[in-house]
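A.B. asks: structure-v7.cif is reproduced in full below (mmCIF, C-alpha atoms and all ligand atoms).
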data_protein
#
loop_
_atom_site.label_atom_id
_atom_site.label_comp_id
_atom_site.auth_asym_id
_atom_site.auth_seq_id
_atom_site.Cartn_x
_atom_site.Cartn_y
_atom_site.Cartn_z
CA MET A 13 41.24 -51.16 -39.27
CA THR A 14 37.56 -50.81 -38.31
CA ASP A 15 35.13 -48.60 -40.20
CA LYS A 16 35.35 -45.18 -38.52
CA SER A 17 32.15 -43.67 -39.93
CA THR A 18 30.16 -44.15 -36.70
CA SER A 19 32.85 -42.47 -34.63
CA TRP A 20 33.15 -39.70 -37.22
CA ALA A 21 29.38 -39.05 -37.05
CA TYR A 22 29.51 -39.13 -33.23
CA ALA A 23 32.34 -36.56 -33.18
CA GLU A 24 30.47 -34.28 -35.59
CA GLY A 25 27.26 -34.62 -33.56
CA LEU A 26 29.01 -33.78 -30.30
CA ALA A 27 29.82 -30.25 -31.45
CA ASP A 28 27.48 -27.72 -29.87
CA GLU A 29 26.35 -24.79 -32.03
CA ASP A 30 24.50 -21.71 -30.86
CA ARG A 31 21.79 -19.66 -32.56
CA ALA A 32 24.24 -17.34 -34.39
CA VAL A 33 26.05 -20.27 -36.04
CA VAL A 34 22.78 -22.03 -36.88
CA ARG A 35 21.53 -18.83 -38.60
CA ALA A 36 24.86 -18.48 -40.47
CA ARG A 37 24.45 -22.09 -41.67
CA GLU A 38 20.94 -21.29 -42.91
CA ARG A 39 22.24 -18.26 -44.83
CA SER A 40 25.09 -20.40 -46.26
CA LEU A 41 22.47 -22.77 -47.66
CA GLU A 42 20.46 -19.87 -49.15
CA LEU A 43 23.64 -18.54 -50.84
CA GLY A 44 24.82 -21.96 -52.03
CA VAL A 45 27.94 -21.88 -49.84
CA SER A 46 29.32 -25.00 -48.07
CA PRO A 47 30.24 -24.03 -44.51
CA VAL A 48 32.67 -25.95 -42.31
CA THR A 49 31.09 -28.92 -40.55
CA PRO A 50 30.18 -28.64 -36.83
CA GLY A 51 33.21 -30.80 -35.94
CA VAL A 52 35.55 -28.53 -37.91
CA GLY A 53 33.94 -25.46 -36.31
CA ALA A 54 34.62 -26.91 -32.85
CA VAL A 55 38.27 -27.65 -33.71
CA LEU A 56 38.69 -24.10 -35.06
CA THR A 57 37.37 -22.62 -31.80
CA VAL A 58 39.74 -24.76 -29.72
CA LEU A 59 42.77 -23.99 -31.93
CA ALA A 60 41.94 -20.28 -31.86
CA ALA A 61 41.51 -20.34 -28.08
CA THR A 62 44.94 -21.92 -27.54
CA SER A 63 46.71 -19.78 -30.16
CA LYS A 64 47.13 -16.51 -28.23
CA ALA A 65 46.86 -15.00 -31.71
CA GLN A 66 47.16 -11.28 -32.38
CA ALA A 67 46.40 -11.51 -36.11
CA VAL A 68 44.53 -14.13 -38.14
CA VAL A 69 43.74 -14.49 -41.86
CA GLU A 70 40.87 -16.51 -43.31
CA VAL A 71 40.73 -17.31 -47.04
CA GLY A 72 37.11 -18.04 -48.01
CA THR A 73 34.68 -16.14 -45.75
CA GLY A 74 31.48 -17.75 -46.99
CA ALA A 75 28.49 -16.71 -44.86
CA GLY A 76 30.65 -16.57 -41.74
CA VAL A 77 30.32 -19.98 -40.05
CA SER A 78 34.07 -20.61 -39.78
CA GLY A 79 34.67 -16.94 -38.93
CA VAL A 80 32.29 -17.02 -35.98
CA CYS A 81 33.89 -20.28 -34.76
CA LEU A 82 37.39 -18.77 -34.99
CA LEU A 83 36.41 -15.42 -33.46
CA ARG A 84 34.70 -17.21 -30.55
CA GLY A 85 38.08 -18.64 -29.54
CA LEU A 86 40.38 -15.75 -30.40
CA PRO A 87 41.53 -13.20 -27.82
CA ALA A 88 39.49 -9.95 -27.90
CA ALA A 89 42.54 -7.97 -29.07
CA CYS A 90 43.14 -10.18 -32.10
CA THR A 91 42.45 -8.72 -35.54
CA PHE A 92 40.66 -11.07 -37.94
CA THR A 93 41.11 -10.56 -41.69
CA THR A 94 38.85 -12.51 -44.02
CA ILE A 95 38.99 -12.61 -47.83
CA ASP A 96 36.25 -13.53 -50.30
CA THR A 97 35.47 -12.71 -53.92
CA ASP A 98 31.73 -12.53 -53.31
CA ILE A 99 30.28 -9.33 -51.84
CA GLU A 100 27.00 -11.05 -50.87
CA HIS A 101 28.93 -13.67 -48.90
CA LEU A 102 30.90 -10.97 -47.08
CA LYS A 103 27.65 -9.15 -46.24
CA ALA A 104 26.11 -12.35 -44.84
CA ALA A 105 29.27 -13.00 -42.82
CA ARG A 106 29.20 -9.51 -41.30
CA GLN A 107 25.61 -10.18 -40.25
CA ALA A 108 26.72 -13.47 -38.65
CA TYR A 109 29.54 -11.74 -36.72
CA SER A 110 27.12 -9.08 -35.51
CA GLU A 111 24.57 -11.69 -34.38
CA ALA A 112 27.37 -13.52 -32.54
CA GLY A 113 28.11 -10.30 -30.61
CA ILE A 114 31.49 -9.74 -32.27
CA LEU A 115 32.56 -6.10 -32.54
CA ALA A 116 32.88 -4.93 -36.17
CA SER A 117 36.22 -3.30 -35.25
CA ARG A 118 37.76 -6.77 -34.73
CA VAL A 119 37.09 -7.84 -38.32
CA ARG A 120 38.57 -6.69 -41.63
CA THR A 121 36.63 -8.07 -44.62
CA ILE A 122 38.56 -7.86 -47.90
CA PRO A 123 36.67 -8.35 -51.17
CA GLY A 124 38.85 -9.88 -53.86
CA ARG A 125 40.59 -12.95 -55.20
CA ALA A 126 42.86 -14.55 -52.61
CA GLY A 127 45.53 -14.99 -55.29
CA ALA A 128 45.70 -11.21 -55.61
CA VAL A 129 45.16 -10.25 -51.94
CA LEU A 130 47.50 -12.70 -50.13
CA PRO A 131 50.71 -11.46 -51.84
CA ARG A 132 49.91 -7.98 -50.48
CA LEU A 133 49.91 -9.15 -46.83
CA ASN A 134 53.10 -8.81 -44.76
CA ASP A 135 55.63 -11.60 -44.16
CA ALA A 136 55.62 -13.27 -40.72
CA ALA A 137 52.79 -11.05 -39.45
CA TYR A 138 50.07 -13.64 -38.68
CA ASP A 139 49.57 -16.31 -36.02
CA LEU A 140 46.91 -18.39 -37.76
CA VAL A 141 45.84 -18.77 -41.40
CA PHE A 142 42.70 -20.72 -42.30
CA ILE A 143 42.14 -21.77 -45.94
CA ASP A 144 38.67 -22.73 -47.21
CA ALA A 145 38.13 -21.17 -50.66
CA ASP A 146 38.41 -22.38 -54.28
CA LYS A 147 39.87 -25.84 -53.80
CA PRO A 148 42.24 -26.16 -56.81
CA SER A 149 44.09 -23.08 -55.53
CA THR A 150 44.57 -24.42 -51.99
CA PRO A 151 48.25 -25.40 -52.51
CA ALA A 152 49.09 -21.92 -53.89
CA TYR A 153 47.34 -20.27 -50.91
CA ALA A 154 49.13 -22.65 -48.53
CA ASP A 155 52.53 -21.56 -49.90
CA GLU A 156 51.54 -17.92 -49.33
CA ALA A 157 50.32 -18.80 -45.84
CA VAL A 158 53.71 -20.22 -44.81
CA ARG A 159 55.24 -16.87 -45.76
CA LEU A 160 52.61 -15.00 -43.69
CA LEU A 161 53.05 -17.06 -40.52
CA ARG A 162 55.14 -15.99 -37.55
CA PRO A 163 57.32 -18.66 -35.89
CA GLY A 164 54.88 -20.74 -33.83
CA GLY A 165 52.02 -19.78 -36.15
CA LEU A 166 49.51 -22.31 -37.45
CA LEU A 167 48.15 -23.06 -40.92
CA VAL A 168 44.78 -24.86 -41.10
CA ILE A 169 43.45 -26.20 -44.42
CA ASN A 170 39.83 -27.33 -44.69
CA ASP A 171 38.63 -30.16 -46.97
CA ALA A 172 42.13 -31.63 -47.00
CA LEU A 173 40.82 -35.14 -47.78
CA ASP A 174 38.82 -33.95 -50.81
CA ARG A 175 35.72 -36.13 -50.27
CA ASP A 176 37.84 -39.19 -49.44
CA ARG A 177 39.64 -38.97 -52.79
CA VAL A 178 43.06 -38.07 -51.35
CA ALA A 179 43.33 -41.40 -49.52
CA ASN A 180 42.44 -43.39 -52.64
CA PRO A 181 45.32 -43.47 -55.17
CA ALA A 182 42.85 -44.41 -57.94
CA HIS A 183 41.63 -40.80 -57.86
CA ARG A 184 43.94 -38.82 -60.10
CA GLU A 185 41.97 -35.56 -60.55
CA LEU A 186 44.29 -32.56 -60.64
CA ALA A 187 43.01 -30.95 -57.41
CA THR A 188 43.32 -34.30 -55.57
CA VAL A 189 46.84 -34.96 -56.83
CA ARG A 190 47.86 -31.42 -55.85
CA LEU A 191 46.52 -31.93 -52.32
CA ARG A 192 48.44 -35.21 -51.94
CA ASP A 193 51.59 -33.48 -53.15
CA LEU A 194 51.00 -30.63 -50.71
CA HIS A 195 50.64 -33.00 -47.74
CA ARG A 196 53.92 -34.75 -48.65
CA ARG A 197 55.77 -31.55 -49.48
CA PHE A 198 54.79 -29.86 -46.20
CA ARG A 199 55.52 -33.02 -44.20
CA GLU A 200 59.08 -32.89 -45.57
CA ASP A 201 59.44 -29.11 -45.13
CA GLU A 202 61.86 -28.51 -42.24
CA ARG A 203 60.11 -25.23 -41.33
CA LEU A 204 56.88 -27.09 -40.51
CA SER A 205 55.36 -29.73 -38.20
CA THR A 206 52.26 -31.25 -39.78
CA ALA A 207 49.21 -33.37 -38.95
CA LEU A 208 46.12 -34.48 -40.86
CA LEU A 209 42.89 -34.79 -38.86
CA PRO A 210 39.93 -36.77 -40.28
CA THR A 211 37.46 -34.20 -38.85
CA GLY A 212 34.86 -33.03 -41.38
CA ASP A 213 36.35 -33.63 -44.82
CA GLY A 214 39.86 -33.47 -43.38
CA LEU A 215 41.78 -30.69 -41.63
CA PHE A 216 45.47 -30.36 -42.48
CA LEU A 217 47.50 -28.57 -39.80
CA ALA A 218 51.01 -27.17 -40.21
CA SER A 219 52.75 -25.22 -37.46
CA ARG A 220 55.64 -22.93 -38.40
CA ARG A 221 58.86 -23.57 -36.47
C1 LIG B 301 33.58 -23.23 -48.86
S1 LIG B 301 33.12 -21.56 -48.92
C2 LIG B 301 33.75 -20.92 -47.41
C3 LIG B 301 32.92 -21.30 -46.22
C4 LIG B 301 33.33 -20.62 -44.93
N1 LIG B 301 34.72 -20.87 -44.62
C5 LIG B 301 32.44 -21.09 -43.81
O1 LIG B 301 32.76 -22.08 -43.14
O2 LIG B 301 31.40 -20.45 -43.60
C6 LIG B 301 34.26 -20.93 -50.09
C7 LIG B 301 34.23 -19.40 -50.25
O3 LIG B 301 35.39 -19.06 -51.03
C8 LIG B 301 35.02 -17.98 -51.86
N2 LIG B 301 35.98 -17.96 -52.98
C9 LIG B 301 35.96 -18.69 -54.13
N3 LIG B 301 37.02 -18.40 -54.89
C10 LIG B 301 37.75 -17.48 -54.20
C11 LIG B 301 38.96 -16.80 -54.46
N4 LIG B 301 39.66 -17.01 -55.58
N5 LIG B 301 39.42 -15.93 -53.54
C12 LIG B 301 38.72 -15.71 -52.38
N6 LIG B 301 37.57 -16.33 -52.08
C13 LIG B 301 37.08 -17.20 -52.98
C14 LIG B 301 33.59 -18.25 -52.26
O4 LIG B 301 32.94 -17.07 -52.66
C15 LIG B 301 33.03 -18.86 -50.98
O5 LIG B 301 32.40 -17.87 -50.19
#
Could the structure of this file be written out as structure tokens, please?

C.D. replies:
Amino acid sequence: MTDKSTSWAYAEGLADEDRAVVRARERSLELGVSPVTPGVGAVLTVLAATSKAQAVVEVGTGAGVSGVCLLRGLPAACTFTTIDTDIEHLKAARQAYSEAGILASRVRTIPGRAGAVLPRLNDAAYDLVFIDADKPSTPAYADEAVRLLRPGGLLVINDALDRDRVANPAHRELATVRLRDLHRRFREDERLSTALLPTGDGLFLASRR
């Protein structure tokens, strides 16, 4: 196998970002938030555009980079729910949506811990769930997401390769081990079809049958 880092950098560099996303990235930096990479943002827009989604949930709003990328692809009638513990992050994200020309009525921002908010959302009511929050909790949020998805719905997990640790069995940190377990468990789950993309720091996809 050849070293893929040049191709990875090429793919990330190919993504085209407009002024609203660039500003949201700048605000992410000011707030100490790590936004999705340009390559991940581009994949999110394409997945959203092909999803025909009516309802989407994002876990981990940040300063709105991933939200703008998703909303850019989603149909105008789709409602977008995004959850974050940090009020300042939600405020920055709302500014990013506004600068991207997205109507405020399309977005529901929920302040709170995802572990408390997700159990309150309805079963089988969402077409796409994107997870990008506190990393050790990703597997717990992913289990909730499978419950939330309609048949045909899609789960997308960011940072699924955990800074290249997941692929290296020598790394035995708890969050890394949990991610490995999640990949295997979902791969064997008969309700799901799964794929792991090396984009950004890894995007794990699971579609609900
Ligand atoms: C990696 S950033 C999200 C970046 C965002 N997806 C983007 O691309 O712009 C993670 C976010 O998760 C939020 N967060 C951390 N713990 C959380 C929790 N338990 N529930 C909900 N959000 C949480 C943080 O406040 C932070 O804004």

A.B. asks: Would you list the contacts of range 42-55 of chain A as a PDB file with C-alpha atoms, in the coordinates of the input, taking every protein, DNA or RNA residue within 10 Å and counting only C-alpha atoms, but skipping same-chain residues closer than 3 positions in sequence?

C.D. replies:
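File written: around10.pdb
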ATOM      1  CA  TRP A  20      33.150 -39.700 -37.220  1.00  0.00           C
ATOM      2  CA  ALA A  21      29.380 -39.050 -37.050  1.00  0.00           C
ATOM      3  CA  TYR A  22      29.510 -39.130 -33.230  1.00  0.00           C
ATOM      4  CA  ALA A  23      32.340 -36.560 -33.180  1.00  0.00           C
ATOM      5  CA  GLU A  24      30.470 -34.280 -35.590  1.00  0.00           C
ATOM      6  CA  GLY A  25      27.260 -34.620 -33.560  1.00  0.00           C
ATOM      7  CA  LEU A  26      29.010 -33.780 -30.300  1.00  0.00           C
ATOM      8  CA  ALA A  27      29.820 -30.250 -31.450  1.00  0.00           C
ATOM      9  CA  ASP A  28      27.480 -27.720 -29.870  1.00  0.00           C
ATOM     10  CA  GLU A  29      26.350 -24.790 -32.030  1.00  0.00           C
ATOM     11  CA  VAL A  33      26.050 -20.270 -36.040  1.00  0.00           C
ATOM     12  CA  VAL A  34      22.780 -22.030 -36.880  1.00  0.00           C
ATOM     13  CA  ALA A  36      24.860 -18.480 -40.470  1.00  0.00           C
ATOM     14  CA  ARG A  37      24.450 -22.090 -41.670  1.00  0.00           C
ATOM     15  CA  GLU A  38      20.940 -21.290 -42.910  1.00  0.00           C
ATOM     16  CA  ARG A  39      22.240 -18.260 -44.830  1.00  0.00           C
ATOM     17  CA  VAL A  58      39.740 -24.760 -29.720  1.00  0.00           C
ATOM     18  CA  LEU A  59      42.770 -23.990 -31.930  1.00  0.00           C
ATOM     19  CA  ALA A  60      41.940 -20.280 -31.860  1.00  0.00           C
ATOM     20  CA  ALA A  61      41.510 -20.340 -28.080  1.00  0.00           C
ATOM     21  CA  GLY A  72      37.110 -18.040 -48.010  1.00  0.00           C
ATOM     22  CA  THR A  73      34.680 -16.140 -45.750  1.00  0.00           C
ATOM     23  CA  GLY A  74      31.480 -17.750 -46.990  1.00  0.00           C
ATOM     24  CA  ALA A  75      28.490 -16.710 -44.860  1.00  0.00           C
ATOM     25  CA  GLY A  76      30.650 -16.570 -41.740  1.00  0.00           C
ATOM     26  CA  VAL A  77      30.320 -19.980 -40.050  1.00  0.00           C
ATOM     27  CA  SER A  78      34.070 -20.610 -39.780  1.00  0.00           C
ATOM     28  CA  GLY A  79      34.670 -16.940 -38.930  1.00  0.00           C
ATOM     29  CA  VAL A  80      32.290 -17.020 -35.980  1.00  0.00           C
ATOM     30  CA  CYS A  81      33.890 -20.280 -34.760  1.00  0.00           C
ATOM     31  CA  LEU A  82      37.390 -18.770 -34.990  1.00  0.00           C
ATOM     32  CA  ARG A  84      34.700 -17.210 -30.550  1.00  0.00           C
ATOM     33  CA  GLY A  85      38.080 -18.640 -29.540  1.00  0.00           C
ATOM     34  CA  GLU A 100      27.000 -11.050 -50.870  1.00  0.00           C
ATOM     35  CA  HIS A 101      28.930 -13.670 -48.900  1.00  0.00           C
ATOM     36  CA  ALA A 104      26.110 -12.350 -44.840  1.00  0.00           C
ATOM     37  CA  ASP A 144      38.670 -22.730 -47.210  1.00  0.00           C
ATOM     38  CA  ALA A 145      38.130 -21.170 -50.660  1.00  0.00           C
ATOM     39  CA  ASN A 170      39.830 -27.330 -44.690  1.00  0.00           C
ATOM     40  CA  ASP A 171      38.630 -30.160 -46.970  1.00  0.00           C
ATOM     41  CA  LEU A 209      42.890 -34.790 -38.860  1.00  0.00           C
ATOM     42  CA  PRO A 210      39.930 -36.770 -40.280  1.00  0.00           C
ATOM     43  CA  THR A 211      37.460 -34.200 -38.850  1.00  0.00           C
ATOM     44  CA  GLY A 212      34.860 -33.030 -41.380  1.00  0.00           C
ATOM     45  CA  ASP A 213      36.350 -33.630 -44.820  1.00  0.00           C
ATOM     46  CA  GLY A 214      39.860 -33.470 -43.380  1.00  0.00           C
ATOM     47  CA  LEU A 215      41.780 -30.690 -41.630  1.00  0.00           C
TER      48      LEU A 215
END

A.B. asks: When you count all atoms listed in the file, which of these residues is closest to Arg197 in chain A: A:Leu83, A:Ile122, A:Leu160, A:Ala218?

C.D. replies: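 Nearest candidate to Arg197 in chain A out of A:Leu83, A:Ile122, A:Leu160, A:Ala218: A:Ala218.
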
A.B. asks: Take every atom of ligand LIG 301 (chain B) listed in the file, fit an axis-aligned box around them, add 8 Å per side, and give the centre and edge lengths in Å to one decimal as JSON.

C.D. replies:
{"center_x": 35.5, "center_y": -19.5, "center_z": -49.4, "size_x": 24.3, "size_y": 23.5, "size_z": 28.4}

A.B. asks: Could you give me, as an MDAnalysis selection string, the residues that have an atom at most 12 Å away from the point (40.2, -10.1, -27.0) in the coordinates of the file, using only C-alpha atoms?

C.D. replies: chainID A and resid 60:61 64:67 83:92 114:115 117:119

A.B. asks: Given only C-alpha atoms and all ligand atoms as the basis, pick out the residue of A:Val168, A:Val68, A:Ala126, A:Ile99 nearest to ligand LIG 301 (chain B).

C.D. replies: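 The closest residue to ligand LIG 301 (chain B) is A:Ala126.
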
A.B. asks: Which one is closest to Arg35 in chain A: A:Asp174, A:Asp146, A:Glu111, A:Asp135? Count all atoms listed in the file.

C.D. replies: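 Using all atoms listed in the file, the shortest distance to Arg35 in chain A belongs to A:Glu111.
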
A.B. asks: Measuring atom to atom with only C-alpha atoms and all ligand atoms, identify which of A:Pro148, A:Gly113, A:Gly165, A:Gly124 is nearest to ligand LIG 301 (chain B).

C.D. replies: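 Among A:Pro148, A:Gly113, A:Gly165, A:Gly124, it is A:Gly124 that comes nearest to ligand LIG 301 (chain B).
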
A.B. asks: Suppose you want the space between atom C1 of ligand LIG 301 (chain B) and CA of Tyr153 in chain A; what is it in Å?

C.D. replies: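 Computed distance, atom C1 of ligand LIG 301 (chain B) to CA of Tyr153 in chain A, equals 14.2 Å.
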
A.B. asks: Using only C-alpha atoms and all ligand atoms for the distances, tell me which of A:Asp96, A:Asp155, A:Glu185, A:Asp139 is nearest to ligand LIG 301 (chain B).

C.D. replies: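 Using only C-alpha atoms and all ligand atoms, the shortest distance to ligand LIG 301 (chain B) belongs to A:Asp96.
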
A.B. asks: In terms of the shortest atom-to-atom distance over all atoms listed in the file, which of A:Asn134, A:Ser110, A:Ser40, A:Ser205 is closest to Arg220 in chain A?

C.D. replies: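 That would be A:Ser205, the residue with the smallest distance to Arg220 in chain A.
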
A.B. asks: By how many Å are CA of Leu140 in chain A and CA of Ser63 in chain A apart?

C.D. replies: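 We find that CA of Leu140 in chain A and CA of Ser63 in chain A lie 7.7 Å from each other.
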
A.B. asks: Name the residues, using the chain letters and numbers of the file, that sit within 12 Å of (54.9, -23.6, -42.4) when counting all atoms listed in the file, and give them as an mmCIF file with C-alpha atoms, in the coordinates of the input.

C.D. replies:
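The resulting file, point.cif, is reproduced below:
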data_model
loop_
_atom_site.group_PDB
_atom_site.id
_atom_site.type_symbol
_atom_site.label_atom_id
_atom_site.label_comp_id
_atom_site.auth_asym_id
_atom_site.auth_seq_id
_atom_site.Cartn_x
_atom_site.Cartn_y
_atom_site.Cartn_z
ATOM 1 C CA ALA A 136 55.620 -13.270 -40.720
ATOM 2 C CA TYR A 138 50.070 -13.640 -38.680
ATOM 3 C CA ASP A 139 49.570 -16.310 -36.020
ATOM 4 C CA LEU A 140 46.910 -18.390 -37.760
ATOM 5 C CA VAL A 141 45.840 -18.770 -41.400
ATOM 6 C CA TYR A 153 47.340 -20.270 -50.910
ATOM 7 C CA ALA A 154 49.130 -22.650 -48.530
ATOM 8 C CA ASP A 155 52.530 -21.560 -49.900
ATOM 9 C CA GLU A 156 51.540 -17.920 -49.330
ATOM 10 C CA ALA A 157 50.320 -18.800 -45.840
ATOM 11 C CA VAL A 158 53.710 -20.220 -44.810
ATOM 12 C CA ARG A 159 55.240 -16.870 -45.760
ATOM 13 C CA LEU A 160 52.610 -15.000 -43.690
ATOM 14 C CA LEU A 161 53.050 -17.060 -40.520
ATOM 15 C CA ARG A 162 55.140 -15.990 -37.550
ATOM 16 C CA PRO A 163 57.320 -18.660 -35.890
ATOM 17 C CA GLY A 164 54.880 -20.740 -33.830
ATOM 18 C CA GLY A 165 52.020 -19.780 -36.150
ATOM 19 C CA LEU A 166 49.510 -22.310 -37.450
ATOM 20 C CA LEU A 167 48.150 -23.060 -40.920
ATOM 21 C CA VAL A 168 44.780 -24.860 -41.100
ATOM 22 C CA ILE A 169 43.450 -26.200 -44.420
ATOM 23 C CA LEU A 194 51.000 -30.630 -50.710
ATOM 24 C CA HIS A 195 50.640 -33.000 -47.740
ATOM 25 C CA ARG A 197 55.770 -31.550 -49.480
ATOM 26 C CA PHE A 198 54.790 -29.860 -46.200
ATOM 27 C CA ARG A 199 55.520 -33.020 -44.200
ATOM 28 C CA GLU A 200 59.080 -32.890 -45.570
ATOM 29 C CA ASP A 201 59.440 -29.110 -45.130
ATOM 30 C CA GLU A 202 61.860 -28.510 -42.240
ATOM 31 C CA ARG A 203 60.110 -25.230 -41.330
ATOM 32 C CA LEU A 204 56.880 -27.090 -40.510
ATOM 33 C CA SER A 205 55.360 -29.730 -38.200
ATOM 34 C CA THR A 206 52.260 -31.250 -39.780
ATOM 35 C CA ALA A 207 49.210 -33.370 -38.950
ATOM 36 C CA PHE A 216 45.470 -30.360 -42.480
ATOM 37 C CA LEU A 217 47.500 -28.570 -39.800
ATOM 38 C CA ALA A 218 51.010 -27.170 -40.210
ATOM 39 C CA SER A 219 52.750 -25.220 -37.460
ATOM 40 C CA ARG A 220 55.640 -22.930 -38.400
ATOM 41 C CA ARG A 221 58.860 -23.570 -36.470
#

A.B. asks: Which distance in Å separates CA of His183 in chain A and CA of Pro151 in chain A, to one decimal?

C.D. replies: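 Taking CA of His183 in chain A as the start and CA of Pro151 in chain A as the end point, the length is 17.6 Å.
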